[in-house]
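Colleague: Got model_29.tsv for you, TSV, C-alpha atoms:
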chain	number	residue	atom	x	y	z
A	1	MET	CA	2.18	42.70	-13.18
A	2	LYS	CA	2.23	41.72	-9.49
A	3	PHE	CA	5.42	41.78	-7.46
A	4	LYS	CA	6.85	38.33	-6.69
A	5	GLU	CA	8.22	37.80	-3.19
A	6	ASP	CA	11.29	35.62	-2.63
A	7	LEU	CA	8.91	32.92	-1.45
A	8	THR	CA	8.02	29.32	-2.19
A	9	ILE	CA	4.66	27.88	-1.11
A	10	VAL	CA	4.71	24.13	-0.47
A	11	ILE	CA	1.40	22.28	-0.66
A	12	PRO	CA	1.28	18.53	0.09
A	13	SER	CA	-1.73	16.99	-1.62
A	14	VAL	CA	-3.41	13.84	-2.86
A	15	GLY	CA	-5.41	15.81	-5.42
A	16	GLU	CA	-8.19	17.04	-3.12
A	17	SER	CA	-11.17	18.80	-4.67
A	18	THR	CA	-10.27	21.92	-2.67
A	19	LEU	CA	-6.76	22.25	-4.14
A	20	GLU	CA	-7.65	24.49	-7.09
A	21	ASN	CA	-9.58	26.85	-4.81
A	22	THR	CA	-6.48	27.09	-2.63
A	23	ILE	CA	-4.23	27.85	-5.61
A	24	ASN	CA	-6.64	30.44	-7.01
A	25	SER	CA	-6.69	32.23	-3.66
A	26	ILE	CA	-2.86	32.43	-3.76
A	27	LEU	CA	-2.90	33.84	-7.29
A	28	GLU	CA	-5.33	36.56	-6.18
A	29	ASN	CA	-2.94	37.87	-3.49
A	30	THR	CA	-1.51	41.38	-3.65
A	31	VAL	CA	1.95	39.81	-4.04
A	32	LEU	CA	2.81	36.40	-5.48
A	33	PRO	CA	5.31	33.73	-4.52
A	34	LYS	CA	8.08	32.86	-6.95
A	35	LEU	CA	6.98	29.22	-6.85
A	36	ILE	CA	4.03	27.10	-5.77
A	37	LEU	CA	5.13	23.50	-5.28
A	38	ILE	CA	2.39	20.87	-5.24
A	39	ILE	CA	3.79	17.67	-3.77
A	40	LEU	CA	1.94	14.45	-4.55
A	41	PRO	CA	2.82	11.00	-3.20
A	42	LYS	CA	4.77	8.59	-5.35
A	43	GLY	CA	2.59	7.12	-8.09
A	44	TYR	CA	-0.12	9.81	-7.88
A	45	LYS	CA	-1.12	11.91	-10.87
A	46	TYR	CA	-3.07	15.15	-10.88
A	47	GLU	CA	-4.19	17.23	-13.85
A	48	LEU	CA	-4.27	20.84	-12.75
A	49	LYS	CA	-6.67	23.04	-14.72
A	50	ILE	CA	-4.98	26.27	-13.60
A	51	LYS	CA	-2.11	27.30	-15.86
A	52	SER	CA	0.70	29.35	-14.35
A	53	ASP	CA	4.46	29.32	-14.81
A	54	ILE	CA	4.98	29.56	-11.05
A	55	ILE	CA	3.24	26.23	-10.35
A	56	LYS	CA	5.31	23.04	-10.30
A	57	ILE	CA	4.07	19.54	-9.48
A	58	TYR	CA	6.36	16.89	-8.01
A	59	ASN	CA	5.98	13.38	-6.66
A	60	SER	CA	7.66	12.65	-3.35
A	61	ASN	CA	9.35	9.34	-2.65
A	62	LYS	CA	6.98	8.59	0.24
A	63	LYS	CA	3.31	9.18	1.01
A	64	GLY	CA	2.26	11.22	4.02
A	65	GLN	CA	1.67	14.89	4.68
A	66	VAL	CA	4.91	15.38	6.60
A	67	ASN	CA	7.07	13.45	4.12
A	68	GLN	CA	5.56	15.34	1.19
A	69	ARG	CA	6.00	18.71	2.88
A	70	ILE	CA	9.65	17.99	3.71
A	71	PHE	CA	10.22	16.92	0.10
A	72	GLY	CA	8.90	20.33	-0.96
A	73	PHE	CA	11.01	22.11	1.65
A	74	LYS	CA	14.11	20.49	0.18
A	75	LYS	CA	13.13	21.70	-3.30
A	76	SER	CA	12.80	25.29	-2.09
A	77	ILE	CA	15.61	27.78	-2.70
A	78	THR	CA	13.91	31.08	-1.82
A	79	LYS	CA	14.50	33.14	1.31
A	80	TYR	CA	11.02	32.40	2.67
A	81	VAL	CA	8.97	29.20	2.54
A	82	MET	CA	5.30	28.83	3.42
A	83	GLN	CA	3.73	25.51	4.29
A	84	LEU	CA	0.10	25.44	3.21
A	85	ASP	CA	-2.56	22.74	3.34
A	86	SER	CA	-4.59	22.00	0.24
A	87	ASP	CA	-7.87	23.09	1.89
A	88	ILE	CA	-6.78	26.55	3.07
A	89	ILE	CA	-8.12	29.68	1.37
A	90	VAL	CA	-5.82	32.65	1.91
A	91	ASN	CA	-7.14	36.21	1.68
A	92	LYS	CA	-5.63	38.69	-0.78
A	93	TYR	CA	-3.30	40.31	1.79
A	94	THR	CA	-2.10	37.11	3.52
A	95	ILE	CA	1.30	36.82	1.85
A	96	GLU	CA	2.03	40.53	2.05
A	97	LYS	CA	1.22	40.79	5.77
A	98	LEU	CA	3.01	37.61	6.84
A	99	ILE	CA	6.16	38.56	4.89
A	100	HIS	CA	6.08	42.06	6.38
A	101	PHE	CA	5.83	40.67	9.92
A	102	ILE	CA	8.60	38.10	9.57
A	103	SER	CA	10.97	40.43	7.70
A	104	LYS	CA	10.78	43.26	10.26
A	105	ASN	CA	11.43	40.92	13.20
A	106	ASN	CA	15.13	40.48	14.00
A	107	ASP	CA	14.57	37.25	15.93
A	108	GLU	CA	14.42	33.83	14.34
A	109	ILE	CA	10.68	33.28	14.02
A	110	ALA	CA	7.91	31.44	12.21
A	111	VAL	CA	4.53	33.13	11.81
A	112	ALA	CA	1.01	31.94	11.11
A	113	PRO	CA	-2.40	33.55	10.57
A	114	ILE	CA	-5.57	32.67	12.41
A	115	LEU	CA	-7.22	29.60	10.87
A	116	ARG	CA	-10.98	29.87	10.75
A	117	PRO	CA	-13.34	28.54	11.90
A	118	LEU	CA	-12.19	28.75	15.51
A	119	ILE	CA	-13.55	26.06	17.84
A	120	LYS	CA	-16.00	27.56	20.31
A	121	LYS	CA	-15.71	26.34	23.87
A	122	LYS	CA	-18.91	24.72	25.04
A	123	ILE	CA	-18.72	25.74	28.69
A	124	SER	CA	-18.00	28.96	30.56
A	125	ASN	CA	-14.47	29.74	31.71
A	126	ASN	CA	-15.88	30.33	35.20
A	127	SER	CA	-17.61	27.01	35.53
A	128	PHE	CA	-16.52	24.29	37.94
A	129	LEU	CA	-16.22	21.85	35.04
A	130	THR	CA	-13.83	24.14	33.13
A	131	LYS	CA	-11.64	24.67	36.20
A	132	SER	CA	-11.57	20.93	36.86
A	133	LYS	CA	-10.56	20.27	33.27
A	134	ASN	CA	-7.86	22.95	33.41
A	135	LEU	CA	-6.47	21.40	36.58
A	136	LEU	CA	-6.30	18.03	34.84
A	137	ILE	CA	-4.68	19.17	31.60
A	138	ASN	CA	-2.55	22.04	32.93
A	139	GLY	CA	-2.05	21.43	36.66
A	140	LYS	CA	-3.62	24.86	37.27
A	141	LEU	CA	-7.15	26.28	37.43
A	142	HIS	CA	-6.44	28.54	34.44
A	143	LEU	CA	-5.26	27.63	30.94
A	144	ASN	CA	-3.90	30.24	28.54
A	145	PRO	CA	-4.42	29.71	24.79
A	146	GLY	CA	-1.52	28.75	22.52
A	147	LYS	CA	0.18	26.55	25.11
A	148	ILE	CA	1.49	22.98	25.23
A	149	THR	CA	0.83	21.78	28.75
A	150	ASP	CA	2.80	19.24	30.78
A	151	ILE	CA	0.59	16.42	29.46
A	152	GLY	CA	1.09	17.49	25.84
A	153	TYR	CA	-2.33	19.10	25.50
A	154	ASN	CA	-2.31	21.96	22.98
A	155	SER	CA	-4.69	24.79	23.88
A	156	TRP	CA	-6.00	27.33	21.39
A	157	PHE	CA	-7.87	30.61	21.15
A	158	GLU	CA	-11.53	31.40	21.39
A	159	GLU	CA	-12.70	34.57	19.63
A	160	LYS	CA	-13.15	36.56	22.83
A	161	GLU	CA	-9.58	35.73	23.91
A	162	ILE	CA	-8.04	37.54	20.92
A	163	THR	CA	-7.20	41.05	22.08
A	164	ASN	CA	-3.74	41.64	20.52
A	165	ASP	CA	-2.44	41.80	16.95
A	166	ASN	CA	0.03	38.99	17.58
A	167	TYR	CA	0.96	36.41	20.19
A	168	ASN	CA	4.14	34.51	20.95
A	169	VAL	CA	2.79	30.96	21.31
A	170	GLU	CA	4.14	27.50	22.03
A	171	TRP	CA	2.63	25.82	18.98
A	172	LEU	CA	1.14	26.74	15.61
A	173	PRO	CA	-1.49	24.87	13.57
A	174	GLY	CA	0.20	23.46	10.49
A	175	GLY	CA	-2.34	24.63	7.90
A	176	CYS	CA	-0.46	27.83	7.07
A	177	ILE	CA	2.96	28.80	8.46
A	178	LEU	CA	5.60	31.11	7.01
A	179	HIS	CA	9.24	30.22	7.67
A	180	LYS	CA	12.67	31.51	6.84
A	181	ARG	CA	14.19	28.77	4.67
A	182	LYS	CA	17.30	28.53	6.84
A	183	ASN	CA	15.11	27.49	9.79
A	184	LEU	CA	13.17	24.69	8.08
A	185	ILE	CA	12.97	21.25	9.68
A	186	ILE	CA	14.00	18.92	6.84
A	187	ASP	CA	14.41	15.69	8.83
A	188	ASN	CA	11.31	13.55	9.25
A	189	TYR	CA	10.13	14.26	12.78
A	190	TYR	CA	6.92	12.22	12.47
A	191	PRO	CA	7.53	8.46	12.95
A	192	PHE	CA	3.95	7.38	12.19
A	193	ILE	CA	2.00	6.40	9.09
A	194	ASN	CA	-1.53	7.19	7.92
A	195	LYS	CA	-3.28	10.32	9.26
A	196	ALA	CA	-0.85	12.89	10.71
A	197	TYR	CA	-2.39	13.35	14.15
A	198	CYS	CA	-0.85	16.24	16.12
A	199	GLU	CA	2.01	16.63	13.64
A	200	ASP	CA	1.80	20.39	14.08
A	201	VAL	CA	2.45	20.03	17.82
A	202	ILE	CA	5.51	17.84	17.19
A	203	HIS	CA	6.69	20.21	14.44
A	204	SER	CA	6.33	23.15	16.82
A	205	LEU	CA	8.38	21.35	19.47
A	206	GLN	CA	11.10	20.75	16.87
A	207	LEU	CA	11.12	24.41	15.86
A	208	LYS	CA	11.31	25.55	19.47
A	209	LYS	CA	14.20	23.12	20.03
A	210	LYS	CA	16.05	25.18	17.38
A	211	ASP	CA	15.16	28.36	19.32
A	212	ILE	CA	12.66	29.47	16.68
A	213	LYS	CA	9.98	31.70	18.21
A	214	LEU	CA	6.42	31.00	17.07
A	215	PHE	CA	4.05	33.89	16.42
A	216	LEU	CA	0.35	33.96	15.71
A	217	LEU	CA	-0.61	37.03	13.67
A	218	THR	CA	-4.25	37.65	14.51
A	219	SER	CA	-4.64	40.55	12.09
A	220	VAL	CA	-4.55	37.99	9.26
A	221	ASP	CA	-6.96	35.11	8.92
A	222	VAL	CA	-7.45	32.30	6.41
A	223	GLN	CA	-10.30	29.86	5.88
A	224	ASN	CA	-9.97	26.13	6.40
A	225	ILE	CA	-12.68	24.91	4.03
A	226	GLY	CA	-11.93	21.27	4.75
A	227	TYR	CA	-12.23	21.64	8.51
A	228	ASN	CA	-13.99	18.80	10.32
A	229	ASN	CA	-13.86	18.62	14.11
A	230	LYS	CA	-15.71	15.31	14.36
A	231	THR	CA	-13.70	12.23	15.30
A	232	ASN	CA	-14.80	8.71	16.12
A	233	LEU	CA	-13.59	6.32	18.80
A	234	LEU	CA	-11.18	4.49	16.48
A	235	GLN	CA	-9.54	7.77	15.44
A	236	ARG	CA	-9.08	8.86	19.05
A	237	LEU	CA	-7.55	5.53	19.93
A	238	SER	CA	-5.19	5.89	16.93
A	239	GLU	CA	-4.25	9.36	18.15
A	240	PHE	CA	-3.21	7.91	21.52
A	241	LYS	CA	0.20	6.63	20.38
A	242	VAL	CA	1.01	10.05	18.90
A	243	ARG	CA	-0.03	11.84	22.09
A	244	LYS	CA	2.05	9.38	24.11
A	245	PHE	CA	5.02	10.16	21.84
A	246	ILE	CA	4.58	13.88	22.57
A	247	LEU	CA	4.32	13.16	26.30
A	248	LYS	CA	7.66	11.34	26.18
A	249	LYS	CA	9.32	14.19	24.24
A	250	ILE	CA	8.31	16.73	26.88
A	251	ASN	CA	8.84	14.38	29.83
A	252	GLY	CA	5.26	15.10	30.84
A	253	ASN	CA	2.96	14.00	33.64
A	254	ARG	CA	1.94	10.45	32.69
A	255	ILE	CA	-0.80	9.94	35.32
A	256	ARG	CA	-2.72	13.11	34.45
A	257	PHE	CA	-2.24	12.37	30.75
A	258	LEU	CA	-3.86	8.93	31.06
A	259	ILE	CA	-6.78	10.32	33.07
A	260	TRP	CA	-7.30	13.12	30.54
A	261	TYR	CA	-7.10	10.78	27.60
A	262	PHE	CA	-9.70	8.47	29.10
A	263	PHE	CA	-12.13	11.39	29.27
A	264	TYR	CA	-11.01	12.61	25.83
A	265	VAL	CA	-11.87	9.25	24.28
A	266	ILE	CA	-15.37	9.40	25.76
A	267	LYS	CA	-15.71	12.93	24.32
A	268	PHE	CA	-14.95	14.93	27.44
A	269	LYS	CA	-13.44	18.03	25.81
Please, can you express the file's structure as structure tokens?
Modeller:
Amino acid sequence: MKFKEDLTIVIPSVGESTLENTINSILENTVLPKLILIILPKGYKYELKIKSDIIKIYNSNKKGQVNQRIFGFKKSITKYVMQLDSDIIVNKYTIEKLIHFISKNNDEIAVAPILRPLIKKKISNNSFLTKSKNLLINGKLHLNPGKITDIGYNSWFEEKEITNDNYNVEWLPGGCILHKRKNLIIDNYYPFINKAYCEDVIHSLQLKKKDIKLFLLTSVDVQNIGYNNKTNLLQRLSEFKVRKFILKKINGNRIRFLIWYFFYVIKFK
């Protein structure tokens, strides 16, 4: 029988086809959580084929990834809580390694693995175009990964930039993050409906406001099998109000933000 960590895994879902693959990958870990909470929106039903006494299904009072996740957070009573998207496949050592890292660190932290696939940059870091873009989005010729710049742009890692086992970063992708329950954000920080654009950036800002340090553990990776980097013009225009909200929260540079977003909308990225 596998050891059960004092851990709850919260998965917001609308019954995606990937959900059972995600749950199976959890059950194949070297250690198990005490509970897996699947949070559906109000009125949704889902018949799970996997049978396990650690899986519970609830309906939240509101629809939306953030609302559903917070509902699950409030249901959690274990020492550790992991937020997990319904299209993430964890490897068999994911839980063990993340718990080990967070438990040995005396600071208040949240920790995440690398989500694959990583986005490959299309142009060289030494090119004039890259330096011009960095100047626009960061105010400097160089842009480090894992940062939230003064226009609210969230940079990330390319494979060749990963040289350490872990990094203290300014934001974490929301697909898989391990928290201490006492540090959870349980107030709705996302005042928008429909698709949760950039919610992980806003969530990270909220965590940092509570003096929670954010760590990326690069020795652990998970697979995002639902990953899709393609967006259309309407989606990018919808994302604008969220990005503007972030800009206001950080008191960022409005002029450079508007210039960057113009190029972003016409696929300059």
Colleague: Using all atoms listed in the file, which residues sit within 6 Å of stretch 191-208 of chain A once same-chain residues fewer than 3 positions away are excluded, as a count of residues only?
Modeller: 6
Colleague: Just the residues within 12 Å of A:Asn154, please, counting all atoms listed in the file, with nothing from its chain fewer than 2 positions along; format it as a compact mmCIF listing (two decimals) with C-alpha atoms, in the coordinates of the input.
Modeller:
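New file result.txt:
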# COMPACT_ATOMS: atom_id res chain seq x y z
CA ASN A 134 -7.86 22.95 33.41
CA ILE A 137 -4.68 19.17 31.60
CA ASN A 138 -2.55 22.04 32.93
CA LEU A 143 -5.26 27.63 30.94
CA ASN A 144 -3.90 30.24 28.54
CA PRO A 145 -4.42 29.71 24.79
CA GLY A 146 -1.52 28.75 22.52
CA LYS A 147 0.18 26.55 25.11
CA ILE A 148 1.49 22.98 25.23
CA THR A 149 0.83 21.78 28.75
CA ASP A 150 2.80 19.24 30.78
CA ILE A 151 0.59 16.42 29.46
CA GLY A 152 1.09 17.49 25.84
CA TRP A 156 -6.00 27.33 21.39
CA PHE A 157 -7.87 30.61 21.15
CA VAL A 169 2.79 30.96 21.31
CA GLU A 170 4.14 27.50 22.03
CA TRP A 171 2.63 25.82 18.98
CA LEU A 172 1.14 26.74 15.61
CA PRO A 173 -1.49 24.87 13.57
CA CYS A 198 -0.85 16.24 16.12
CA GLU A 199 2.01 16.63 13.64
CA ASP A 200 1.80 20.39 14.08
CA VAL A 201 2.45 20.03 17.82
CA ILE A 202 5.51 17.84 17.19
CA SER A 204 6.33 23.15 16.82
CA LEU A 205 8.38 21.35 19.47
CA ARG A 243 -0.03 11.84 22.09
CA ILE A 246 4.58 13.88 22.57
CA LEU A 247 4.32 13.16 26.30
Colleague: Using all atoms listed in the file, which protein or nucleic acid residues come within 12 Å of A:Tyr44? Drop anything in the same chain fewer than 2 positions from it, and give the result as JSON, numbers by chain.
Modeller: {"A": [12, 13, 14, 15, 16, 38, 39, 40, 41, 42, 46, 47, 57, 58, 59, 60, 61, 62, 63]}
Colleague: Go ahead and dump the residues you just picked, C-alpha atoms, as a PDB file, in the coordinates of the input.
Modeller:
ATOM      1  CA  PRO A  12       1.280  18.530   0.090  1.00  0.00           C
ATOM      2  CA  SER A  13      -1.730  16.990  -1.620  1.00  0.00           C
ATOM      3  CA  VAL A  14      -3.410  13.840  -2.860  1.00  0.00           C
ATOM      4  CA  GLY A  15      -5.410  15.810  -5.420  1.00  0.00           C
ATOM      5  CA  GLU A  16      -8.190  17.040  -3.120  1.00  0.00           C
ATOM      6  CA  ILE A  38       2.390  20.870  -5.240  1.00  0.00           C
ATOM      7  CA  ILE A  39       3.790  17.670  -3.770  1.00  0.00           C
ATOM      8  CA  LEU A  40       1.940  14.450  -4.550  1.00  0.00           C
ATOM      9  CA  PRO A  41       2.820  11.000  -3.200  1.00  0.00           C
ATOM     10  CA  LYS A  42       4.770   8.590  -5.350  1.00  0.00           C
ATOM     11  CA  TYR A  46      -3.070  15.150 -10.880  1.00  0.00           C
ATOM     12  CA  GLU A  47      -4.190  17.230 -13.850  1.00  0.00           C
ATOM     13  CA  ILE A  57       4.070  19.540  -9.480  1.00  0.00           C
ATOM     14  CA  TYR A  58       6.360  16.890  -8.010  1.00  0.00           C
ATOM     15  CA  ASN A  59       5.980  13.380  -6.660  1.00  0.00           C
ATOM     16  CA  SER A  60       7.660  12.650  -3.350  1.00  0.00           C
ATOM     17  CA  ASN A  61       9.350   9.340  -2.650  1.00  0.00           C
ATOM     18  CA  LYS A  62       6.980   8.590   0.240  1.00  0.00           C
ATOM     19  CA  LYS A  63       3.310   9.180   1.010  1.00  0.00           C
TER      20      LYS A  63
END
Colleague: May I have the residues within 7 Å of A:Tyr93 as a ChimeraX atom specification, using only C-alpha atoms and disregarding those fewer than 3 positions away in the same chain?
Modeller: /A:29-30,96-97
Colleague: Atom CA of A:Val242 and atom CA of A:Asp187 are how many Å apart?
Modeller: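 Answer for the atom CA of A:Val242 to atom CA of A:Asp187 separation: 17.7 Å.
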Colleague: Atom CA of A:Glu5 and atom CA of A:Ile185, how far apart in Å?
Modeller: 21.5 Å
Colleague: Restricting the calculation to only C-alpha atoms, which member of A:Ile89, A:Ile95, A:Leu141, A:Ile11 is positioned closest to A:Asn67?
Modeller: A:Ile11
Colleague: Tell me which of A:Ile114, A:Leu233, A:Ile70, A:Leu135 sits closest to A:Asp221, counting all atoms listed in the file.
Modeller: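 Distance minimum relative to A:Asp221 lands on A:Ile114.
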Colleague: If I take atom CA of A:Ile102 and atom CA of A:Leu178, how far is one from the other in Å, to one decimal?
Modeller: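 Interatomic distance here is 8.0 Å.
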Colleague: Between A:Phe215, A:Tyr80, A:Phe3, A:Phe128, which is the closest to A:Asp107 once you count only C-alpha atoms?
Modeller: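 Of A:Phe215, A:Tyr80, A:Phe3, A:Phe128, the one nearest A:Asp107, counting only C-alpha atoms, is A:Phe215.
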